[in-house]
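my_file.pdb (PDB, C-alpha atoms) appears below.
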MODEL        1
ATOM      1  CA  MET S 202      36.292  43.332  73.352
ATOM      2  CA  ILE S 203      33.981  44.494  70.571
ATOM      3  CA  ASP S 204      35.264  43.609  67.099
ATOM      4  CA  LEU S 205      33.002  45.990  65.202
ATOM      5  CA  LEU S 206      31.061  49.028  66.395
ATOM      6  CA  CYS S 207      28.495  50.446  63.964
ATOM      7  CA  LEU S 208      27.167  54.010  64.258
ATOM      8  CA  GLY S 209      24.087  55.277  62.475
ATOM      9  CA  GLU S 210      20.321  55.318  62.327
ATOM     10  CA  PRO S 211      18.426  52.031  62.482
ATOM     11  CA  MET S 212      14.917  52.087  61.061
ATOM     12  CA  VAL S 213      11.803  49.967  61.034
ATOM     13  CA  GLU S 214      10.922  49.042  57.455
ATOM     14  CA  PHE S 215       7.671  48.263  55.715
ATOM     15  CA  VAL S 216       8.160  46.329  52.472
ATOM     16  CA  ARG S 217       5.381  46.336  49.889
ATOM     17  CA  GLN S 218       4.160  42.848  48.986
ATOM     18  CA  LYS S 219       2.738  41.715  45.661
ATOM     19  CA  ASP S 220      -0.809  42.031  46.982
ATOM     20  CA  GLY S 221      -0.190  45.652  48.008
ATOM     21  CA  SER S 222       0.091  44.981  51.740
ATOM     22  CA  TYR S 223       3.226  45.803  53.716
ATOM     23  CA  LEU S 224       5.437  43.428  55.698
ATOM     24  CA  GLN S 225       7.209  44.912  58.718
ATOM     25  CA  GLY S 226      10.928  44.382  58.948
ATOM     26  CA  TYR S 227      14.071  46.211  59.987
ATOM     27  CA  GLY S 228      16.579  48.333  58.146
ATOM     28  CA  GLY S 229      19.021  51.183  58.396
ATOM     29  CA  ASP S 230      22.275  50.636  56.554
ATOM     30  CA  THR S 231      24.715  50.376  59.463
ATOM     31  CA  SER S 232      22.259  48.257  61.441
ATOM     32  CA  ASN S 233      22.031  45.895  58.465
ATOM     33  CA  ALA S 234      25.832  45.781  58.376
ATOM     34  CA  ALA S 235      25.985  45.109  62.112
ATOM     35  CA  ILE S 236      23.577  42.181  61.816
ATOM     36  CA  ALA S 237      25.461  40.760  58.838
ATOM     37  CA  ALA S 238      28.714  40.954  60.801
ATOM     38  CA  ALA S 239      27.164  39.364  63.877
ATOM     39  CA  ARG S 240      25.761  36.516  61.782
ATOM     40  CA  GLN S 241      29.320  35.808  60.593
ATOM     41  CA  GLY S 242      30.469  35.404  64.194
ATOM     42  CA  ALA S 243      31.899  38.850  64.969
ATOM     43  CA  LYS S 244      31.368  40.541  68.335
ATOM     44  CA  VAL S 245      29.349  43.590  67.316
ATOM     45  CA  GLY S 246      28.057  46.671  69.108
ATOM     46  CA  TYR S 247      25.724  49.419  67.944
ATOM     47  CA  LEU S 248      25.818  53.140  68.718
ATOM     48  CA  THR S 249      22.699  55.252  68.201
ATOM     49  CA  THR S 250      19.671  56.815  69.876
ATOM     50  CA  LEU S 251      16.170  55.387  69.503
ATOM     51  CA  GLY S 252      12.793  56.787  70.360
ATOM     52  CA  LYS S 253      11.251  55.554  73.576
ATOM     53  CA  ASP S 254       8.503  53.900  71.567
ATOM     54  CA  ARG S 255       7.441  50.466  70.397
ATOM     55  CA  PHE S 256       9.550  50.725  67.243
ATOM     56  CA  GLY S 257      12.581  51.419  69.427
ATOM     57  CA  ASP S 258      11.673  48.441  71.598
ATOM     58  CA  ALA S 259      11.459  46.281  68.487
ATOM     59  CA  MET S 260      14.927  47.356  67.320
ATOM     60  CA  THR S 261      16.569  46.568  70.661
ATOM     61  CA  GLU S 262      14.802  43.206  70.769
ATOM     62  CA  LEU S 263      16.160  42.451  67.289
ATOM     63  CA  TRP S 264      19.721  43.323  68.284
ATOM     64  CA  ASP S 265      19.445  41.286  71.473
ATOM     65  CA  LYS S 266      18.288  38.327  69.396
ATOM     66  CA  GLU S 267      21.246  38.791  67.029
ATOM     67  CA  GLY S 268      23.726  39.024  69.912
ATOM     68  CA  ILE S 269      24.596  42.677  69.298
ATOM     69  CA  ASP S 270      25.770  44.767  72.255
ATOM     70  CA  THR S 271      23.353  47.657  72.900
ATOM     71  CA  SER S 272      25.170  49.381  75.756
ATOM     72  CA  GLY S 273      25.804  52.309  73.392
ATOM     73  CA  VAL S 274      22.115  52.716  72.478
ATOM     74  CA  GLY S 275      20.277  55.639  74.079
ATOM     75  CA  ARG S 276      16.524  56.252  74.234
ATOM     76  CA  ASN S 277      14.917  59.664  73.676
ATOM     77  CA  PRO S 278      11.385  60.018  75.102
ATOM     78  CA  ASP S 279      10.737  63.140  73.038
ATOM     79  CA  ALA S 280      11.672  61.923  69.526
ATOM     80  CA  PRO S 281      10.557  58.940  67.421
ATOM     81  CA  THR S 282      12.391  55.999  65.948
ATOM     82  CA  GLY S 283      12.674  56.428  62.160
ATOM     83  CA  ILE S 284      10.657  54.313  59.742
ATOM     84  CA  TYR S 285      10.631  53.830  55.969
ATOM     85  CA  PHE S 286       8.616  52.170  53.242
ATOM     86  CA  VAL S 287      10.198  50.331  50.326
ATOM     87  CA  ASP S 288       8.884  49.192  46.948
ATOM     88  CA  PRO S 289      11.234  46.317  45.981
ATOM     89  CA  ASP S 290      12.507  45.365  42.565
ATOM     90  CA  PRO S 291      15.293  42.977  41.487
ATOM     91  CA  GLU S 292      17.155  45.878  39.846
ATOM     92  CA  GLY S 293      16.594  48.530  42.505
ATOM     93  CA  ARG S 294      14.215  49.889  45.103
ATOM     94  CA  TYR S 295      12.192  52.995  45.875
ATOM     95  CA  PHE S 296      12.280  54.346  49.425
ATOM     96  CA  THR S 297       9.923  56.661  51.297
ATOM     97  CA  TYR S 298      11.454  57.851  54.579
ATOM     98  CA  TYR S 299       9.909  59.222  57.764
ATOM     99  CA  ARG S 300      13.011  60.199  59.701
ATOM    100  CA  ASN S 301      12.963  64.007  60.103
ATOM    101  CA  GLY S 302      13.412  64.836  63.783
ATOM    102  CA  SER S 303      14.099  61.214  64.665
ATOM    103  CA  ALA S 304      15.925  60.333  67.862
ATOM    104  CA  ALA S 305      19.064  59.323  65.956
ATOM    105  CA  SER S 306      19.117  62.582  63.989
ATOM    106  CA  LEU S 307      19.389  64.476  67.281
ATOM    107  CA  MET S 308      22.623  62.768  68.384
ATOM    108  CA  VAL S 309      25.458  65.145  69.335
ATOM    109  CA  PRO S 310      29.221  64.604  69.790
ATOM    110  CA  GLU S 311      28.996  65.514  73.464
ATOM    111  CA  GLY S 312      26.969  62.361  74.034
ATOM    112  CA  LEU S 313      29.759  60.048  72.890
ATOM    113  CA  ASP S 314      31.720  57.806  75.248
ATOM    114  CA  LEU S 315      34.985  57.989  73.342
ATOM    115  CA  SER S 316      36.801  55.537  75.609
ATOM    116  CA  ALA S 317      34.145  52.911  74.888
ATOM    117  CA  ILE S 318      34.267  53.652  71.169
ATOM    118  CA  THR S 319      38.038  53.364  70.885
ATOM    119  CA  SER S 320      38.019  50.047  72.745
ATOM    120  CA  ALA S 321      36.479  48.481  69.618
ATOM    121  CA  LYS S 322      38.718  47.111  66.890
ATOM    122  CA  CYS S 323      36.798  48.826  64.083
ATOM    123  CA  LEU S 324      34.180  51.554  63.695
ATOM    124  CA  HIS S 325      31.781  51.460  60.744
ATOM    125  CA  VAL S 326      29.826  54.500  59.515
ATOM    126  CA  SER S 327      28.167  55.413  56.235
ATOM    127  CA  GLY S 328      27.252  58.244  53.940
ATOM    128  CA  ILE S 329      23.721  58.011  55.303
ATOM    129  CA  THR S 330      25.080  58.458  58.835
ATOM    130  CA  LEU S 331      26.788  61.623  57.594
ATOM    131  CA  ALA S 332      23.696  62.877  55.757
ATOM    132  CA  VAL S 333      20.848  62.389  58.238
ATOM    133  CA  SER S 334      21.504  65.661  60.085
ATOM    134  CA  GLU S 335      24.339  68.070  60.810
ATOM    135  CA  SER S 336      24.489  67.016  64.457
ATOM    136  CA  MET S 337      24.639  63.327  63.569
ATOM    137  CA  ARG S 338      27.340  64.117  61.016
ATOM    138  CA  ALA S 339      29.389  65.884  63.667
ATOM    139  CA  THR S 340      28.865  62.918  65.988
ATOM    140  CA  ALA S 341      30.065  60.424  63.397
ATOM    141  CA  LEU S 342      33.084  62.508  62.428
ATOM    142  CA  ALA S 343      34.085  62.883  66.079
ATOM    143  CA  ALA S 344      33.903  59.118  66.538
ATOM    144  CA  MET S 345      35.918  58.536  63.362
ATOM    145  CA  ASP S 346      38.602  60.998  64.437
ATOM    146  CA  ALA S 347      38.856  59.367  67.869
ATOM    147  CA  MET S 348      39.289  55.916  66.337
ATOM    148  CA  ARG S 349      41.900  57.168  63.882
ATOM    149  CA  ASP S 350      43.835  58.889  66.655
ATOM    150  CA  ALA S 351      43.706  55.675  68.688
ATOM    151  CA  GLY S 352      45.174  53.722  65.777
ATOM    152  CA  GLN S 353      42.031  51.635  65.253
ATOM    153  CA  GLU S 354      40.284  50.707  62.011
ATOM    154  CA  VAL S 355      37.593  52.970  60.536
ATOM    155  CA  SER S 356      35.275  51.804  57.752
ATOM    156  CA  LEU S 357      33.235  54.230  55.632
ATOM    157  CA  ASP S 358      30.568  53.054  53.190
ATOM    158  CA  THR S 359      29.700  55.945  50.851
ATOM    159  CA  ASN S 360      26.058  54.775  50.544
ATOM    160  CA  LEU S 361      24.903  57.911  48.734
ATOM    161  CA  ARG S 362      21.276  59.014  49.118
ATOM    162  CA  LEU S 363      20.617  62.247  47.243
ATOM    163  CA  LYS S 364      17.199  62.545  48.881
ATOM    164  CA  LEU S 365      19.067  63.347  52.095
ATOM    165  CA  TRP S 366      21.547  65.958  50.842
ATOM    166  CA  ASP S 367      22.751  67.707  47.706
ATOM    167  CA  ILE S 368      25.570  66.258  45.642
ATOM    168  CA  ASP S 369      28.043  69.067  46.340
ATOM    169  CA  THR S 370      27.689  68.681  50.103
ATOM    170  CA  ALA S 371      27.773  64.904  49.792
ATOM    171  CA  ARG S 372      30.955  65.046  47.748
ATOM    172  CA  ASP S 373      32.748  67.473  50.066
ATOM    173  CA  VAL S 374      31.777  65.700  53.296
ATOM    174  CA  THR S 375      32.457  62.187  51.995
ATOM    175  CA  ILE S 376      35.904  63.055  50.690
ATOM    176  CA  ALA S 377      36.801  64.871  53.924
ATOM    177  CA  ALA S 378      35.606  61.903  55.995
ATOM    178  CA  MET S 379      37.698  59.490  53.915
ATOM    179  CA  VAL S 380      40.822  61.001  55.440
ATOM    180  CA  SER S 381      39.927  59.270  58.715
ATOM    181  CA  ALA S 382      38.985  55.949  57.088
ATOM    182  CA  SER S 383      41.227  52.934  56.717
ATOM    183  CA  ILE S 384      38.589  50.972  54.768
ATOM    184  CA  ALA S 385      36.356  52.451  52.054
ATOM    185  CA  VAL S 386      33.324  50.712  50.588
ATOM    186  CA  THR S 387      31.584  52.232  47.582
ATOM    187  CA  SER S 388      29.541  51.269  44.542
ATOM    188  CA  MET S 389      30.063  52.312  40.949
ATOM    189  CA  ASP S 390      26.768  54.230  41.082
ATOM    190  CA  ASP S 391      27.966  56.196  44.114
ATOM    191  CA  ALA S 392      31.398  56.666  42.615
ATOM    192  CA  GLU S 393      30.154  58.222  39.389
ATOM    193  CA  HIS S 394      28.263  60.854  41.410
ATOM    194  CA  LEU S 395      30.975  61.476  43.994
ATOM    195  CA  THR S 396      34.115  61.264  41.849
ATOM    196  CA  GLY S 397      33.004  61.575  38.212
ATOM    197  CA  LEU S 398      34.982  58.416  37.442
ATOM    198  CA  THR S 399      33.520  55.495  35.487
ATOM    199  CA  LYS S 400      36.131  52.753  35.925
ATOM    200  CA  ALA S 401      36.425  50.749  39.132
ATOM    201  CA  GLU S 402      40.218  50.784  39.050
ATOM    202  CA  GLU S 403      40.234  54.576  38.859
ATOM    203  CA  VAL S 404      37.717  54.859  41.698
ATOM    204  CA  ALA S 405      39.839  52.592  43.902
ATOM    205  CA  GLU S 406      42.935  54.645  43.133
ATOM    206  CA  PHE S 407      41.061  57.891  43.852
ATOM    207  CA  TYR S 408      40.024  56.820  47.353
ATOM    208  CA  ARG S 409      43.325  55.045  48.025
ATOM    209  CA  GLN S 410      45.129  58.347  47.471
ATOM    210  CA  ILE S 411      42.919  60.062  50.070
ATOM    211  CA  GLY S 412      43.809  57.633  52.807
ATOM    212  CA  PRO S 413      42.107  54.214  53.063
ATOM    213  CA  GLU S 414      44.492  51.272  52.731
ATOM    214  CA  THR S 415      41.604  49.084  51.583
ATOM    215  CA  VAL S 416      39.002  50.097  48.985
ATOM    216  CA  LEU S 417      36.105  47.944  47.796
ATOM    217  CA  VAL S 418      34.171  49.012  44.695
ATOM    218  CA  THR S 419      31.017  46.950  44.193
ATOM    219  CA  MET S 420      29.813  46.484  40.619
ATOM    220  CA  GLY S 421      26.545  44.579  40.955
ATOM    221  CA  ALA S 422      26.443  41.565  38.656
ATOM    222  CA  ASP S 423      30.120  42.157  37.791
ATOM    223  CA  GLY S 424      31.257  41.491  41.344
ATOM    224  CA  CYS S 425      33.645  43.683  43.276
ATOM    225  CA  LEU S 426      37.052  45.248  42.787
ATOM    226  CA  LEU S 427      39.275  45.103  45.861
ATOM    227  CA  ARG S 428      42.263  47.410  46.242
ATOM    228  CA  HIS S 429      44.406  46.616  49.292
ATOM    229  CA  ASN S 430      47.444  48.850  49.425
ATOM    230  CA  GLU S 431      48.900  48.309  45.938
ATOM    231  CA  ASP S 432      47.269  44.952  45.220
ATOM    232  CA  VAL S 433      44.145  44.879  43.022
ATOM    233  CA  THR S 434      41.844  41.838  42.895
ATOM    234  CA  HIS S 435      38.567  41.254  41.070
ATOM    235  CA  ILE S 436      36.101  39.350  43.247
ATOM    236  CA  PRO S 437      33.455  37.569  41.124
ATOM    237  CA  PRO S 438      29.805  37.615  42.222
ATOM    238  CA  ALA S 439      28.376  34.631  44.047
ATOM    239  CA  ALA S 440      25.383  32.745  42.654
ATOM    240  CA  ALA S 441      22.071  34.424  43.474
ATOM    241  CA  ASN S 442      18.369  34.407  42.629
ATOM    242  CA  PRO S 443      17.599  38.139  42.931
ATOM    243  CA  VAL S 444      14.205  39.193  44.217
ATOM    244  CA  ASP S 445      15.014  42.282  46.332
ATOM    245  CA  SER S 446      18.266  44.236  46.411
ATOM    246  CA  THR S 447      17.480  46.037  49.686
ATOM    247  CA  GLY S 448      20.412  45.847  52.093
ATOM    248  CA  ALA S 449      22.736  43.907  49.804
ATOM    249  CA  GLY S 450      25.532  46.468  49.948
ATOM    250  CA  ASP S 451      25.137  46.803  53.706
ATOM    251  CA  SER S 452      25.378  43.053  54.269
ATOM    252  CA  PHE S 453      28.420  42.933  51.989
ATOM    253  CA  ALA S 454      30.162  45.626  54.030
ATOM    254  CA  GLY S 455      29.326  44.057  57.385
ATOM    255  CA  ALA S 456      30.372  40.585  56.278
ATOM    256  CA  PHE S 457      33.619  41.888  54.796
ATOM    257  CA  LEU S 458      34.514  43.618  58.053
ATOM    258  CA  ALA S 459      33.652  40.563  60.144
ATOM    259  CA  TRP S 460      35.641  38.125  58.043
ATOM    260  CA  GLY S 461      38.466  40.608  57.544
ATOM    261  CA  LEU S 462      38.886  41.092  61.294
ATOM    262  CA  GLU S 463      38.847  37.333  61.830
ATOM    263  CA  LEU S 464      41.032  36.185  58.943
ATOM    264  CA  GLY S 465      43.301  39.169  58.304
ATOM    265  CA  ASN S 466      42.915  38.365  54.600
ATOM    266  CA  PRO S 467      40.907  40.974  52.627
ATOM    267  CA  VAL S 468      40.646  38.840  49.485
ATOM    268  CA  GLU S 469      39.133  35.889  51.323
ATOM    269  CA  ALA S 470      36.938  38.266  53.328
ATOM    270  CA  ALA S 471      35.591  39.819  50.119
ATOM    271  CA  LYS S 472      34.828  36.397  48.622
ATOM    272  CA  ARG S 473      32.813  35.482  51.690
ATOM    273  CA  ALA S 474      31.107  38.865  51.711
ATOM    274  CA  ALA S 475      30.015  38.256  48.116
ATOM    275  CA  ILE S 476      28.265  35.070  49.253
ATOM    276  CA  VAL S 477      26.462  37.028  51.969
ATOM    277  CA  ALA S 478      25.352  39.724  49.513
ATOM    278  CA  ALA S 479      24.086  37.081  47.084
ATOM    279  CA  GLY S 480      22.022  35.482  49.811
ATOM    280  CA  THR S 481      20.618  38.843  50.857
ATOM    281  CA  VAL S 482      19.305  39.724  47.389
ATOM    282  CA  SER S 483      17.745  36.261  47.121
ATOM    283  CA  GLY S 484      15.182  37.045  49.819
ATOM    284  CA  MET S 485      12.781  39.821  50.778
ATOM    285  CA  GLY S 486      13.751  42.661  53.102
ATOM    286  CA  ALA S 487      17.030  44.016  54.400
ATOM    287  CA  VAL S 488      17.599  41.674  57.351
ATOM    288  CA  ALA S 489      15.655  38.402  57.167
ATOM    289  CA  PRO S 490      17.594  36.833  54.253
ATOM    290  CA  ILE S 491      21.131  37.757  55.420
ATOM    291  CA  PRO S 492      23.065  34.448  55.480
ATOM    292  CA  ARG S 493      24.744  33.218  58.638
ATOM    293  CA  ARG S 494      28.276  31.942  59.118
ATOM    294  CA  GLU S 495      27.312  28.299  58.592
ATOM    295  CA  ASP S 496      25.574  29.189  55.325
ATOM    296  CA  VAL S 497      28.706  30.884  54.012
ATOM    297  CA  LEU S 498      30.948  28.006  55.018
ATOM    298  CA  ALA S 499      28.560  25.551  53.376
ATOM    299  CA  VAL S 500      28.816  27.430  50.066
ATOM    300  CA  LEU S 501      32.605  27.404  50.307
ATOM    301  CA  THR S 502      32.626  23.623  50.624
ATOM    302  CA  GLU S 503      30.349  23.027  47.617
TER     303      GLU S 503
ENDMDL
END

Show this structure as structure tokens.
Amino acid sequence: MIDLLCLGEPMVEFVRQKDGSYLQGYGGDTSNAAIAAARQGAKVGYLTTLGKDRFGDAMTELWDKEGIDTSGVGRNPDAPTGIYFVDPDPEGRYFTYYRNGSAASLMVPEGLDLSAITSAKCLHVSGITLAVSESMRATALAAMDAMRDAGQEVSLDTNLRLKLWDIDTARDVTIAAMVSASIAVTSMDDAEHLTGLTKAEEVAEFYRQIGPETVLVTMGADGCLLRHNEDVTHIPPAAANPVDSTGAGDSFAGAFLAWGLELGNPVEAAKRAAIVAAGTVSGMGAVAPIPRREDVLAVLTE
């Protein structure tokens, strides 16, 4: 049985180096989350469509290496796999995307195997999944509704990218999607745009009232606020040596879901997810530096 099924658009990344050259890697927020979860020991599957090209081959090879189930991955011979370029910085990053008309953006609800989806314990989607295209949005919402109706967990990471859609649409769609979510992950930056609120406690209460039993509000160097039902806990940041923040929030979300499904303890899961996020920002790229289970357990024993 799959613990965690992630739905979205994986992408091949090219990260600018100090000498101006670019290093090829892998990205896509829900793919990053899937890899982070798999590295913590969860049984993970991915749901998307890739181009029938070398970039698509590279993505499937990566997932196979990470032990991620790819039975839900389709290949489209007439559309490309998305790519992006990133200029890294310890405090942020600048992205240039080439994803219009990508294979993933052409996904439709009719292509979903709902029985396979609802056999997973948890489905994870993101604001980027909802923003890539209208057809991909409809696909993600259909999967979320099916999981909710089946009584399974649904995780939604707001992951706001205003280059992909306008703020009014983002706000309306994200809030509507939260109704089907049992777990919400957001950042204070996202929250200020989507809710107008500036305090983590208020953000957690806002989303908790919509539906999710568990809300995580990440606050960068200030750690994370966890709201689980009526209990509120501040999770401090783990020690890090920041060089590139790409994928940190994604790895946090994936690690939290993996440890949460295993332990049934959201506070402990969030503490371990903070260690994973700290390790991710301490290396270059979205995937390569994501810590593995043994790395997290080693930190806990220090």

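Atom pair CA of Ile411 (chain S) / CA of Glu354 (chain S) has a distance of 15.4 Å (rounded to one decimal).
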
Inset, instruction - Kindly resolve the PyMOL selection byres ((chain S and resi 408) around 12) on the present coordinates and return the residues as an MDAnalysis selection string. - result: chainID S and resid 357:359 375:387 392 395:396 398 401:407 409:418 427:430

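Using all atoms listed in the file, the nearest neighbour of Ile284 (chain S) within the list S:Met212, S:Met389, S:Leu307, S:Ala474 is S:Met212.
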
Report the residues retrieved by the PyMOL selection byres ((chain S and resi 231-233) around 10) from the displayed file, expressed as an mmCIF file with C-alpha atoms, keeping the file's coordinate frame.
data_model
loop_
_atom_site.group_PDB
_atom_site.id
_atom_site.type_symbol
_atom_site.label_atom_id
_atom_site.label_comp_id
_atom_site.auth_asym_id
_atom_site.auth_seq_id
_atom_site.Cartn_x
_atom_site.Cartn_y
_atom_site.Cartn_z
ATOM 1 C CA LEU S 206 31.061 49.028 66.395
ATOM 2 C CA CYS S 207 28.495 50.446 63.964
ATOM 3 C CA LEU S 208 27.167 54.010 64.258
ATOM 4 C CA GLY S 209 24.087 55.277 62.475
ATOM 5 C CA GLU S 210 20.321 55.318 62.327
ATOM 6 C CA PRO S 211 18.426 52.031 62.482
ATOM 7 C CA MET S 212 14.917 52.087 61.061
ATOM 8 C CA TYR S 227 14.071 46.211 59.987
ATOM 9 C CA GLY S 228 16.579 48.333 58.146
ATOM 10 C CA GLY S 229 19.021 51.183 58.396
ATOM 11 C CA ASP S 230 22.275 50.636 56.554
ATOM 12 C CA ALA S 234 25.832 45.781 58.376
ATOM 13 C CA ALA S 235 25.985 45.109 62.112
ATOM 14 C CA ILE S 236 23.577 42.181 61.816
ATOM 15 C CA ALA S 237 25.461 40.760 58.838
ATOM 16 C CA ALA S 238 28.714 40.954 60.801
ATOM 17 C CA ALA S 239 27.164 39.364 63.877
ATOM 18 C CA GLY S 246 28.057 46.671 69.108
ATOM 19 C CA TYR S 247 25.724 49.419 67.944
ATOM 20 C CA LEU S 248 25.818 53.140 68.718
ATOM 21 C CA THR S 249 22.699 55.252 68.201
ATOM 22 C CA MET S 260 14.927 47.356 67.320
ATOM 23 C CA TRP S 264 19.721 43.323 68.284
ATOM 24 C CA ILE S 269 24.596 42.677 69.298
ATOM 25 C CA HIS S 325 31.781 51.460 60.744
ATOM 26 C CA VAL S 326 29.826 54.500 59.515
ATOM 27 C CA SER S 327 28.167 55.413 56.235
ATOM 28 C CA GLY S 328 27.252 58.244 53.940
ATOM 29 C CA ILE S 329 23.721 58.011 55.303
ATOM 30 C CA THR S 330 25.080 58.458 58.835
ATOM 31 C CA ASP S 358 30.568 53.054 53.190
ATOM 32 C CA THR S 447 17.480 46.037 49.686
ATOM 33 C CA GLY S 448 20.412 45.847 52.093
ATOM 34 C CA ALA S 449 22.736 43.907 49.804
ATOM 35 C CA GLY S 450 25.532 46.468 49.948
ATOM 36 C CA ASP S 451 25.137 46.803 53.706
ATOM 37 C CA SER S 452 25.378 43.053 54.269
ATOM 38 C CA PHE S 453 28.420 42.933 51.989
ATOM 39 C CA ALA S 454 30.162 45.626 54.030
ATOM 40 C CA GLY S 455 29.326 44.057 57.385
ATOM 41 C CA ALA S 487 17.030 44.016 54.400
ATOM 42 C CA VAL S 488 17.599 41.674 57.351
ATOM 43 C CA ALA S 489 15.655 38.402 57.167
ATOM 44 C CA ILE S 491 21.131 37.757 55.420
#

Inset, instruction - Could you give me, as a list in words, the residues that sit within 10 Å of (36.4, 59.0, 64.1) in the file's coordinates, counting only C-alpha atoms? - result: Leu315, Ile318, Thr319, Leu324, His325, Val326, Ala339, Thr340, Ala341, Leu342, Ala343, Ala344, Met345, Asp346, Ala347, Met348, Arg349, Asp350, Ala351, Gln353, Glu354, Val355, Ser356, Ala378, Val380, Ser381 and Ala382 of chain S

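Checking S:Asp288, S:Asp220, S:Asp423, S:Glu335 one by one against Ala475 (chain S), counting all atoms listed in the file, you find the shortest gap at S:Asp423.
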
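Checking S:Lys322, S:Lys253, S:Tyr285, S:Glu503 one by one against Glu463 (chain S), counting only C-alpha atoms, you find the shortest gap at S:Lys322.
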
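Once the PyMOL selection byres ((chain S and resi 242) around 10) is applied to the shown structure, the selection contains Asp204, Ile236, Ala237, Ala238, Ala239, Arg240, Gln241, Ala243, Lys244, Val245, Gly268, Ala456, Ala459, Trp460, Glu463, Arg493, Arg494 and Glu495 of chain S.
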
Report the centre and edge lengths, in Å to one decimal, of an axis-aligned box enclosing every atom of region 475-480 of chain S listed in the file, padded by 4 Å on each side, as lines of an AutoDock Vina configuration file.
center_x = 26.0
center_y = 37.4
center_z = 49.5
size_x = 16.0
size_y = 12.7
size_z = 12.9

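Look at Val482 (chain S): the protein and nucleic acid residues within 7 Å of it, using all atoms listed in the file and passing over chain neighbours fewer than 3 places away, are Pro443, Val444, Asp445, Ser446, Thr447, Ala449, Ala478 and Ala479 of chain S.
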
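Of the residues under consideration (S:Glu393, S:Asp254, S:Leu205, S:Arg362), S:Leu205 shows the shortest atom-to-atom contact distance to Phe457 (chain S) when counting all atoms listed in the file.
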
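A straight line drawn from CA of Glu267 (chain S) to CA of Leu462 (chain S) is 18.7 Å long.
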
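Straight-line separation from CA of Ala371 (chain S) to CA of Asn301 (chain S): 18.1 Å.
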
Inset, instruction - With only C-alpha atoms counted, which protein, DNA or RNA residues have an atom no more than 8 Å from (21.5, 36.0, 46.7) in the file frame? Please answer as a VMD selection string. - result: chain S and resid 439 to 443 476 to 484

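For the choices S:Val374, S:Ala317, S:Leu363, S:Leu426, the atom-to-atom distance to Leu331 (chain S) is smallest for S:Val374 when using all atoms listed in the file.
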
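Residue nearest Gly312 (chain S) within the list S:Val497, S:Lys364, S:Met337, S:Asp373: S:Met337 [criterion: smallest interatomic distance, all atoms listed in the file].
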
Where atoms are lacking, region 370-383 of chain S completed to N, CA and C atoms, as a compact mmCIF listing (two decimals), keeping the file's coordinate frame:
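Printed below is result.txt as written:
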# COMPACT_ATOMS: atom_id res chain seq x y z
N THR S 370 27.42 68.93 48.68
CA THR S 370 27.69 68.68 50.10
C THR S 370 28.12 67.24 50.31
N ALA S 371 27.43 66.31 49.66
CA ALA S 371 27.77 64.90 49.79
C ALA S 371 29.22 64.65 49.37
N ARG S 372 29.60 65.25 48.26
CA ARG S 372 30.96 65.05 47.75
C ARG S 372 31.99 65.61 48.72
N ASP S 373 31.77 66.82 49.18
CA ASP S 373 32.75 67.47 50.07
C ASP S 373 32.88 66.73 51.39
N VAL S 374 31.75 66.36 51.99
CA VAL S 374 31.78 65.70 53.30
C VAL S 374 32.36 64.30 53.18
N THR S 375 31.97 63.56 52.15
CA THR S 375 32.46 62.19 52.00
C THR S 375 33.96 62.16 51.80
N ILE S 376 34.47 63.03 50.95
CA ILE S 376 35.90 63.06 50.69
C ILE S 376 36.67 63.48 51.94
N ALA S 377 36.14 64.45 52.69
CA ALA S 377 36.80 64.87 53.92
C ALA S 377 36.81 63.75 54.95
N ALA S 378 35.70 63.00 55.03
CA ALA S 378 35.61 61.90 56.00
C ALA S 378 36.55 60.76 55.63
N MET S 379 36.82 60.57 54.35
CA MET S 379 37.70 59.49 53.92
C MET S 379 39.11 59.61 54.49
N VAL S 380 39.49 60.81 54.86
CA VAL S 380 40.82 61.00 55.44
C VAL S 380 40.98 60.19 56.72
N SER S 381 39.88 60.01 57.46
CA SER S 381 39.93 59.27 58.72
C SER S 381 39.66 57.78 58.54
N ALA S 382 39.35 57.35 57.32
CA ALA S 382 38.98 55.95 57.09
C ALA S 382 40.19 55.12 56.68
N SER S 383 40.22 53.89 57.17
CA SER S 383 41.23 52.93 56.72
C SER S 383 40.64 51.95 55.71
